[in-house]
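Report on one structure; see the data block that follows.
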Amino acid sequence: MFFIECGDDLSAAQRKFAHSLRDFKFEFIGDAETDDERCIDASLHEFSNFLKNLEEQREILALSVTETLIKPLERFRKEQLGAVKEEKKKFDKETERNYSLLEKHLNLSAKKKELQLQEADSQVEQNRKHFYELSLEYVCKLQEIQERKKFECVEPVLSFFQGLFTFYHQGYELAKDFSHYKMALQINIQNTRNRFEGTRSEVEELMNKIRRNPQEHKRANHFTMEGYLYVQEKRPAPFGSSWVKHYCTYRKETKKFTMIPFEHRSGGKAGDEELFILTYCTKRNIDTIDRRFCFDLEASDRPGVPVTMQAFSEEDRKLWMEALDGKEALFINLNKASAKREGSAQLDKIGFTVIKKCINAVETRGINDQGLYRVVGVSSKVQRLLTLLMDAKTCNEVDLENSVDWEVKTITSAMKQYLRSLPEPLMTYELHGEFIIPAKSGSPESRVNAVHFLVHKLPEKNKEMLDILVKHLANVSKHAKRNLMTVANLGVVFGPTLMRPQEETVAAIMDLKFQNIVVEILIENHEKIFKTLPDATFPEPISMPVSPPNAPPRQSRRQGQRIKRPLAVYNLCLELDDADTHSSPKEDTPTGSMDSLSSQSPTPAFSSSPPGLLDRNHLIMDSGDLTDWATNLSGQSRPSMVSWMNTPSTNPAATNTTPSAFSFPNPATGSDRAVESVAHRKARAVYPCEAEHSSELSFQIGAIFEDVQFSREPGWLEGTLNGKRGLIPQNYVQFL
């Protein structure tokens with residue numbers, strides 16, 4: 001019983017811990033997470049499910065202990081040992097009676113009559129026979145109970161150990177189901193740690209810049225000016241006036257000025273928003289008001305009634321006056337950052353020569369050096385090498401491949417420094433935001449297609465230089481077993497080098513990790529991106545939150561229903577290359593390298609369909625998402641998404657955009673189109689699968705399924721293969 005009580009206490013503690021894990025939520029800063037971070041966020045829920053399943057098995061063990069150990073032993077104690085105890089009492093009573101009678105008989109006088117003596121002898125003999133029979137029965141019962149102990153006690157204990165071993169075996173089975181997820185999560189954690197370590201110095205440098213020159217690194221947004229101001233609220237004469245803190249915004253294009261009362265004690269808004277059209281702004285001199293840093297605004301609907309405001313400092317007032325076109329406004333150039341970046345490095349003939357020289361030297365001398373590109377050279381040597389390389393007179397005289405004067409780490413540092421010194425990053429300011437969008441969401445295939453499309457929008461020289469560099473980085477990653485520079489590590493090193501926003505803002509810090517992901521996609525898919533042309537009619541991706549899709553191995557259905565995550569779609573992923581469906585799983589998912597989990601999450605645990613399917617047949621898009629997407633395009637010219645969304649797609653034979661059925665709303669009406677039924681469709685296996693249950697089908701790559709339709713179980717299809725009908729993981733097949 002003590003064992004069961006302790007087990008119940010342990011089970012209760014484990015279940016409580018599982019509930020705590022399930023309810024815990026990570027918070028993050030920024031507008032999106034990487035796939036690795038999404039997997040880590042959902043990991044606690046997965047741990048909770050694992051503990052829950054484990055405790056269910058422990059509960060079964062506790063029940064089996066009661067039925068197989070405690071009840072049989074209790075029954076043996078009551079029925080068998082109880083009967084022996086009764087026999088012992090009876091034997092003890094007869095023994096006392098027998099010896100008492102014998103003692104009385106022995107004390108009988110010899111002077112008694114012969115007849116009396118004979119009667120006494122006869123009585124003693126009868127009593128002796130009765131006692132003898134009773135003794136035999138008692139001894140027999142003792143022998144029986146001793147024999148019964150050997151199986152009546154040991155057999156329940158054996159059953160208990162069998163139940164215990166079954167529990168441990170179930171734990172082993174759960175651990176096997178959990179092992180793929182555990183390995184994938186370890187890679188997610190390592191990728192996240194690498195990104196953190198790799199970008200920490202960049203973050204610290206940017207924070208120092210912002211700290212030194214806060215006005216040069218203002219957060220870029222659609223407001224000309226925003227911030228806190230104190231607004232004078234006039235009261236009747238006896239009461240004077242009061243100054244109330246407001247959060248104010250101003251748009252220069254529309255001259256719209258908004259004010260929201262703010263209460264610092266409660267930490268939130270203390271009233272309704274007030275909006276007016278600005279007519280003019282005038283600086284208030286200290287001889288007209290007893291407060292400093294004041295200026296007056298006049299609204300179009302309240303002529304002659306100025307609103308007096310107070311800034312936090314003279315510098316703050318100057319910024320507001322400049323934005324509001326006020327009198328005595330002082331104009332400050334806030335765009336010094338880009339001018340500071342101007343350097344002598346250019347994408348000219350010398351620039352290409354510098355990069356090619358460095359690459360050839362690295363591949364000849366140091367391709368297997370551990371920590372290549374992560375180990376930095378001595379700053380003075382790097383600067384001296386750059387000076388020689390960037391001088392047309394001395395560039396050709398520098399022999400990097402054969403000279404021992406220049407260490408490999410000096411060459412790699414010089415190359416990175418040269419790329420950072422370009423007036424504009426290699427992947428341009430203009431396309432920076434568009435490259436970031438696919439890295440934040442979507443499937444691996446859609447991300448590759450989006451980056452492929454955007455790379456070919458780069459200026460020709462930028463694209464040529466990027467091609468040379470990425471080809472080299474892909475070669476470096478092939479030697480990762482020796483140089484330890486995996487695709488993920490190279491992404492950490494070259495993300496901030498090849499990409500950076502035009503304005504170094506606090507928000508830019510949040511996008512550093514997504515820059516790394518874009519570089520990883522380029523390295524892993526170099527041949528496709530640079531050697532083939534994208535579809536000229538490809539629209540660009542819609543930015544929506546997404547749960548990372550995933551490749552096999554799949555999670556057992558015994559794990560139960562998975563968490564449903566928001567789905568997203570890239571319209572780029574609608575063009576499916578038939579050649580991909582014949583390739584191996586690794587080739588079919590180019591970003592599925594174990595070197596980097598940034599562009600594809602390996603864990604099978606974060607969607608309702610094993611393992612993490614981005615269901616092509618149930619992509620529902622809200623018309624509001626299209627509006628948000630169009631707003632985020634910043635007014636640049638792009639292919640029309642509305643025209644693409646209105647293209648008929650209910651009949652797969654009538655369009656080449658997709659091999660499967662989709663449901664999209666009409667942007668004009670908001671109504672969903674009818675989803676095409678997949679009943680009686682054929683499908684081809686793109687991954688091999690080994691059935692875990694009798695209701696599932698086993699198959700190899702290329703297997704053709706007949707009469708495929710949706711199953712009642714989320715994430716699974718029903719189909720027929722070689723005359724046998726069963727369940728098929730939905731993301732293991734491609735509809736024909």
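Within each chain, counting starts at residue 1; across the structure tokens, chains are named A, B, ... in the order shown, with ligands numbered 1 upward in that order.
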Checklist entry - So which residues touch Phe167 in chain A within 8 Å, counting only C-alpha atoms, skipping near sequence neighbours fewer than 6 positions away, as an MDAnalysis selection string? => result chainID A and resid 57:58 61
Checklist entry - Thr412 in chain A: which residues within 8 Å, counting only C-alpha atoms, same-chain residues fewer than 4 positions away excluded, as a PyMOL selection string? => result chain A and resi 358+362+372-373+376-377+408+416
Checklist entry - Taking into account only C-alpha atoms, which residue in the set A:Ile468, A:Leu533, A:Val378, A:Phe165 is nearest to Phe453 in chain A? => result A:Leu533
Next on the checklist: Here is a test: counting only C-alpha atoms, which residue of A:Lys16, A:Ala32, A:Ala361, A:Met465 is nearest to Gly442 in chain A?
Outcome noted: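 Among the listed residues, the smallest separation from Gly442 in chain A belongs to A:Ala32.
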Checklist entry - Which residues, written as a PyMOL selection string, have at least one atom at most 10 Å from Thr192 in chain A, with only C-alpha atoms counted and residues fewer than 2 positions away on the same chain left out? => result chain A and resi 34-37+40+186-190+194-198+488+513+597-598
For Ile509 in chain A, list every protein, DNA or RNA residue within 10 Å, evaluated using only C-alpha atoms, and leave out those in the same chain fewer than 6 positions away; present the list as a PDB file with N, CA and C atoms, in the first residue's frame.
ATOM      1  N   ILE A  29       9.994  39.444 -28.416  1.00  0.00           N
ATOM      2  CA  ILE A  29      10.016  40.824 -28.877  1.00  0.00           C
ATOM      3  C   ILE A  29      10.154  40.811 -30.387  1.00  0.00           C
ATOM      4  N   GLY A  30       9.377  41.617 -31.059  1.00  0.00           N
ATOM      5  CA  GLY A  30       9.431  41.659 -32.520  1.00  0.00           C
ATOM      6  C   GLY A  30       8.093  41.267 -33.102  1.00  0.00           C
ATOM      7  N   THR A 199      24.663  37.069 -33.256  1.00  0.00           N
ATOM      8  CA  THR A 199      24.110  38.413 -33.452  1.00  0.00           C
ATOM      9  C   THR A 199      24.264  39.305 -32.222  1.00  0.00           C
ATOM     10  N   ARG A 200      24.757  38.727 -31.119  1.00  0.00           N
ATOM     11  CA  ARG A 200      24.844  39.528 -29.889  1.00  0.00           C
ATOM     12  C   ARG A 200      25.756  40.736 -30.086  1.00  0.00           C
ATOM     13  N   GLU A 202      26.443  42.239 -32.890  1.00  0.00           N
ATOM     14  CA  GLU A 202      25.765  43.195 -33.773  1.00  0.00           C
ATOM     15  C   GLU A 202      24.731  44.009 -32.994  1.00  0.00           C
ATOM     16  N   VAL A 203      24.002  43.318 -32.125  1.00  0.00           N
ATOM     17  CA  VAL A 203      22.983  44.002 -31.314  1.00  0.00           C
ATOM     18  C   VAL A 203      23.633  45.022 -30.387  1.00  0.00           C
ATOM     19  N   GLU A 204      24.723  44.616 -29.734  1.00  0.00           N
ATOM     20  CA  GLU A 204      25.400  45.534 -28.816  1.00  0.00           C
ATOM     21  C   GLU A 204      25.945  46.750 -29.552  1.00  0.00           C
ATOM     22  N   LEU A 206      24.771  48.035 -32.368  1.00  0.00           N
ATOM     23  CA  LEU A 206      23.652  48.882 -32.755  1.00  0.00           C
ATOM     24  C   LEU A 206      23.089  49.633 -31.551  1.00  0.00           C
ATOM     25  N   MET A 207      22.996  48.963 -30.413  1.00  0.00           N
ATOM     26  CA  MET A 207      22.495  49.627 -29.216  1.00  0.00           C
ATOM     27  C   MET A 207      23.408  50.777 -28.804  1.00  0.00           C
ATOM     28  N   PRO A 501      19.249  46.966 -42.846  1.00  0.00           N
ATOM     29  CA  PRO A 501      18.239  47.965 -43.189  1.00  0.00           C
ATOM     30  C   PRO A 501      18.877  49.326 -43.408  1.00  0.00           C
TER      31      PRO A 501
END
Checklist outcome for this item: With distances taken over only C-alpha atoms, the candidate from A:Leu108, A:Ile277, A:Ile728, A:Met321 nearest Pro303 in chain A is A:Ile277
Using DSSP on the backbone coordinates, identify all residues within range 295-463 of chain A classified as strand (DSSP E); present the result as a compact mmCIF listing (two decimals) with N, CA and C atoms, in the first residue's frame.
# COMPACT_ATOMS: atom_id res chain seq x y z
N PHE A 295 5.06 75.56 -27.56
CA PHE A 295 4.67 76.04 -28.89
C PHE A 295 3.16 75.91 -29.02
N ASP A 296 2.59 76.70 -29.94
CA ASP A 296 1.14 76.73 -30.14
C ASP A 296 0.77 76.06 -31.46
N LEU A 297 -0.35 75.34 -31.42
CA LEU A 297 -0.93 74.76 -32.63
C LEU A 297 -2.33 75.33 -32.81
N GLU A 298 -2.74 75.51 -34.09
CA GLU A 298 -4.11 75.95 -34.35
C GLU A 298 -4.74 74.96 -35.30
N ALA A 299 -5.97 74.51 -34.94
CA ALA A 299 -6.70 73.54 -35.75
C ALA A 299 -7.62 74.25 -36.72
N VAL A 307 -3.81 75.79 -29.32
CA VAL A 307 -3.56 74.79 -28.28
C VAL A 307 -2.08 74.88 -27.92
N THR A 308 -1.79 75.12 -26.66
CA THR A 308 -0.41 75.26 -26.22
C THR A 308 0.13 73.92 -25.76
N MET A 309 1.32 73.60 -26.25
CA MET A 309 1.94 72.32 -25.91
C MET A 309 3.36 72.56 -25.40
N GLN A 310 3.83 71.62 -24.57
CA GLN A 310 5.16 71.72 -24.00
C GLN A 310 5.93 70.44 -24.32
Would you pick out the contacts of Tyr99 in chain A at 10 Å or less, using only C-alpha atoms, so that residues sharing its chain but fewer than 4 positions from it are not included, and give the list as an mmCIF file with all heavy atoms, in the first residue's frame?
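Output file selection-v7.cif is given in full below:
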data_model
loop_
_atom_site.group_PDB
_atom_site.id
_atom_site.type_symbol
_atom_site.label_atom_id
_atom_site.label_comp_id
_atom_site.auth_asym_id
_atom_site.auth_seq_id
_atom_site.Cartn_x
_atom_site.Cartn_y
_atom_site.Cartn_z
ATOM 1 N N GLU A 94 -7.896 -28.974 21.674
ATOM 2 C CA GLU A 94 -7.945 -30.420 21.820
ATOM 3 C C GLU A 94 -6.704 -30.935 22.529
ATOM 4 O O GLU A 94 -6.775 -31.914 23.290
ATOM 5 C CB GLU A 94 -8.071 -31.078 20.441
ATOM 6 C CG GLU A 94 -9.442 -30.927 19.819
ATOM 7 C CD GLU A 94 -10.508 -31.640 20.638
ATOM 8 O OE1 GLU A 94 -10.211 -32.696 21.240
ATOM 9 O OE2 GLU A 94 -11.643 -31.118 20.709
ATOM 10 N N THR A 95 -5.561 -30.289 22.284
ATOM 11 C CA THR A 95 -4.326 -30.705 22.964
ATOM 12 C C THR A 95 -4.454 -30.513 24.463
ATOM 13 O O THR A 95 -4.094 -31.403 25.276
ATOM 14 C CB THR A 95 -3.141 -29.889 22.416
ATOM 15 O OG1 THR A 95 -2.999 -30.123 21.024
ATOM 16 C CG2 THR A 95 -1.850 -30.277 23.117
ATOM 17 N N GLU A 103 -3.807 -36.725 32.179
ATOM 18 C CA GLU A 103 -3.292 -36.496 33.522
ATOM 19 C C GLU A 103 -4.288 -36.980 34.580
ATOM 20 O O GLU A 103 -3.905 -37.592 35.588
ATOM 21 C CB GLU A 103 -2.994 -34.999 33.704
ATOM 22 C CG GLU A 103 -2.349 -34.693 35.053
ATOM 23 C CD GLU A 103 -2.032 -33.212 35.184
ATOM 24 O OE1 GLU A 103 -2.197 -32.448 34.183
ATOM 25 O OE2 GLU A 103 -1.642 -32.799 36.280
ATOM 26 N N LYS A 104 -5.543 -36.762 34.352
ATOM 27 C CA LYS A 104 -6.595 -37.217 35.273
ATOM 28 C C LYS A 104 -6.650 -38.742 35.316
ATOM 29 O O LYS A 104 -6.842 -39.354 36.371
ATOM 30 C CB LYS A 104 -7.932 -36.628 34.815
ATOM 31 C CG LYS A 104 -9.088 -36.966 35.731
ATOM 32 C CD LYS A 104 -10.364 -36.315 35.221
ATOM 33 C CE LYS A 104 -11.547 -36.691 36.124
ATOM 34 N NZ LYS A 104 -12.809 -36.097 35.648
ATOM 35 N N HIS A 105 -6.440 -39.360 34.142
ATOM 36 C CA HIS A 105 -6.475 -40.818 34.062
ATOM 37 C C HIS A 105 -5.295 -41.439 34.805
ATOM 38 O O HIS A 105 -5.426 -42.487 35.467
ATOM 39 C CB HIS A 105 -6.454 -41.246 32.587
ATOM 40 C CG HIS A 105 -6.483 -42.724 32.401
ATOM 41 N ND1 HIS A 105 -7.584 -43.537 32.712
ATOM 42 C CD2 HIS A 105 -5.510 -43.591 31.950
ATOM 43 C CE1 HIS A 105 -7.295 -44.793 32.448
ATOM 44 N NE2 HIS A 105 -6.031 -44.844 31.985
ATOM 45 N N ASN A 127 -10.158 -41.028 23.185
ATOM 46 C CA ASN A 127 -9.678 -39.649 23.127
ATOM 47 C C ASN A 127 -8.345 -39.552 22.386
ATOM 48 O O ASN A 127 -8.084 -38.610 21.650
ATOM 49 C CB ASN A 127 -9.556 -39.109 24.552
ATOM 50 C CG ASN A 127 -9.233 -37.624 24.572
ATOM 51 O OD1 ASN A 127 -10.077 -36.812 24.201
ATOM 52 N ND2 ASN A 127 -8.022 -37.298 24.996
ATOM 53 N N ARG A 128 -7.461 -40.580 22.619
ATOM 54 C CA ARG A 128 -6.168 -40.578 21.932
ATOM 55 C C ARG A 128 -6.355 -40.681 20.426
ATOM 56 O O ARG A 128 -5.671 -39.993 19.651
ATOM 57 C CB ARG A 128 -5.336 -41.742 22.454
ATOM 58 C CG ARG A 128 -3.908 -41.773 21.877
ATOM 59 C CD ARG A 128 -3.223 -43.054 22.244
ATOM 60 N NE ARG A 128 -3.860 -44.191 21.612
ATOM 61 C CZ ARG A 128 -3.696 -44.532 20.328
ATOM 62 N NH1 ARG A 128 -2.918 -43.807 19.548
ATOM 63 N NH2 ARG A 128 -4.341 -45.576 19.854
ATOM 64 N N PHE A 131 -7.609 -37.344 19.112
ATOM 65 C CA PHE A 131 -6.523 -36.353 19.087
ATOM 66 C C PHE A 131 -5.523 -36.653 17.972
ATOM 67 O O PHE A 131 -4.983 -35.752 17.322
ATOM 68 C CB PHE A 131 -5.822 -36.344 20.455
ATOM 69 C CG PHE A 131 -4.700 -35.372 20.540
ATOM 70 C CD1 PHE A 131 -4.944 -34.007 20.565
ATOM 71 C CD2 PHE A 131 -3.366 -35.813 20.581
ATOM 72 C CE1 PHE A 131 -3.905 -33.100 20.639
ATOM 73 C CE2 PHE A 131 -2.323 -34.906 20.648
ATOM 74 C CZ PHE A 131 -2.587 -33.540 20.676
#
Checklist entry - So which bits of range 20-117 of chain A end up alpha helix (DSSP H) when you DSSP the backbone, as a ChimeraX atom specification? => result /A:20-23,35-65,71-76,82-106,114-117
Checklist entry - Nearest to Arg75 in chain A: which of A:Glu152, A:Asp405, A:Ile437, A:Asp369 is it, counting only C-alpha atoms? => result A:Glu152
Next on the checklist: Could you list, as a PyMOL selection string, every residue within 9 Å of Thr428 in chain A, counting only C-alpha atoms and ignoring same-chain residues fewer than 6 positions away?
Outcome noted: chain A and resi 458-459+462+498-502
Using N, CA, C and O atoms, can you export the residues from the last selection as an mmCIF file, in the first residue's frame?
data_model
loop_
_atom_site.group_PDB
_atom_site.id
_atom_site.type_symbol
_atom_site.label_atom_id
_atom_site.label_comp_id
_atom_site.auth_asym_id
_atom_site.auth_seq_id
_atom_site.Cartn_x
_atom_site.Cartn_y
_atom_site.Cartn_z
ATOM 1 N N LEU A 458 17.560 41.900 -58.088
ATOM 2 C CA LEU A 458 18.741 42.664 -57.699
ATOM 3 C C LEU A 458 19.412 43.268 -58.935
ATOM 4 O O LEU A 458 19.310 42.712 -60.040
ATOM 5 N N PRO A 459 20.128 44.381 -58.769
ATOM 6 C CA PRO A 459 20.936 44.900 -59.879
ATOM 7 C C PRO A 459 21.921 43.830 -60.357
ATOM 8 O O PRO A 459 22.366 42.984 -59.574
ATOM 9 N N ASN A 462 25.172 43.342 -58.400
ATOM 10 C CA ASN A 462 24.907 42.778 -57.071
ATOM 11 C C ASN A 462 24.638 41.285 -57.167
ATOM 12 O O ASN A 462 25.147 40.491 -56.374
ATOM 13 N N LEU A 498 25.656 40.749 -45.581
ATOM 14 C CA LEU A 498 25.001 40.870 -46.883
ATOM 15 C C LEU A 498 23.706 41.657 -46.819
ATOM 16 O O LEU A 498 23.222 42.140 -47.844
ATOM 17 N N MET A 499 23.108 41.762 -45.645
ATOM 18 C CA MET A 499 21.829 42.445 -45.503
ATOM 19 C C MET A 499 21.877 43.396 -44.313
ATOM 20 O O MET A 499 22.415 43.055 -43.261
ATOM 21 N N ARG A 500 21.300 44.554 -44.484
ATOM 22 C CA ARG A 500 21.093 45.469 -43.359
ATOM 23 C C ARG A 500 20.053 46.501 -43.786
ATOM 24 O O ARG A 500 19.968 46.854 -44.959
ATOM 25 N N PRO A 501 19.249 46.966 -42.846
ATOM 26 C CA PRO A 501 18.239 47.965 -43.189
ATOM 27 C C PRO A 501 18.877 49.326 -43.408
ATOM 28 O O PRO A 501 19.984 49.595 -42.922
ATOM 29 N N GLN A 502 18.190 50.193 -44.141
ATOM 30 C CA GLN A 502 18.730 51.519 -44.409
ATOM 31 C C GLN A 502 18.822 52.336 -43.135
ATOM 32 O O GLN A 502 19.746 53.122 -42.951
#
Checklist entry - Which of these, A:Thr66, A:Ser441, A:Cys39, A:Asn722, has the shortest distance to Phe2 in chain A once you count only C-alpha atoms? => result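 Smallest distance to Phe2 in chain A is found for A:Thr66.
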Next on the checklist: With only C-alpha atoms as the counted atoms, please give the residues lying no more than 8 Å from Phe514 in chain A, apart from itself and same-chain residues fewer than 5 positions off, as a ChimeraX atom specification.
Outcome noted: /A:34,436,439-440
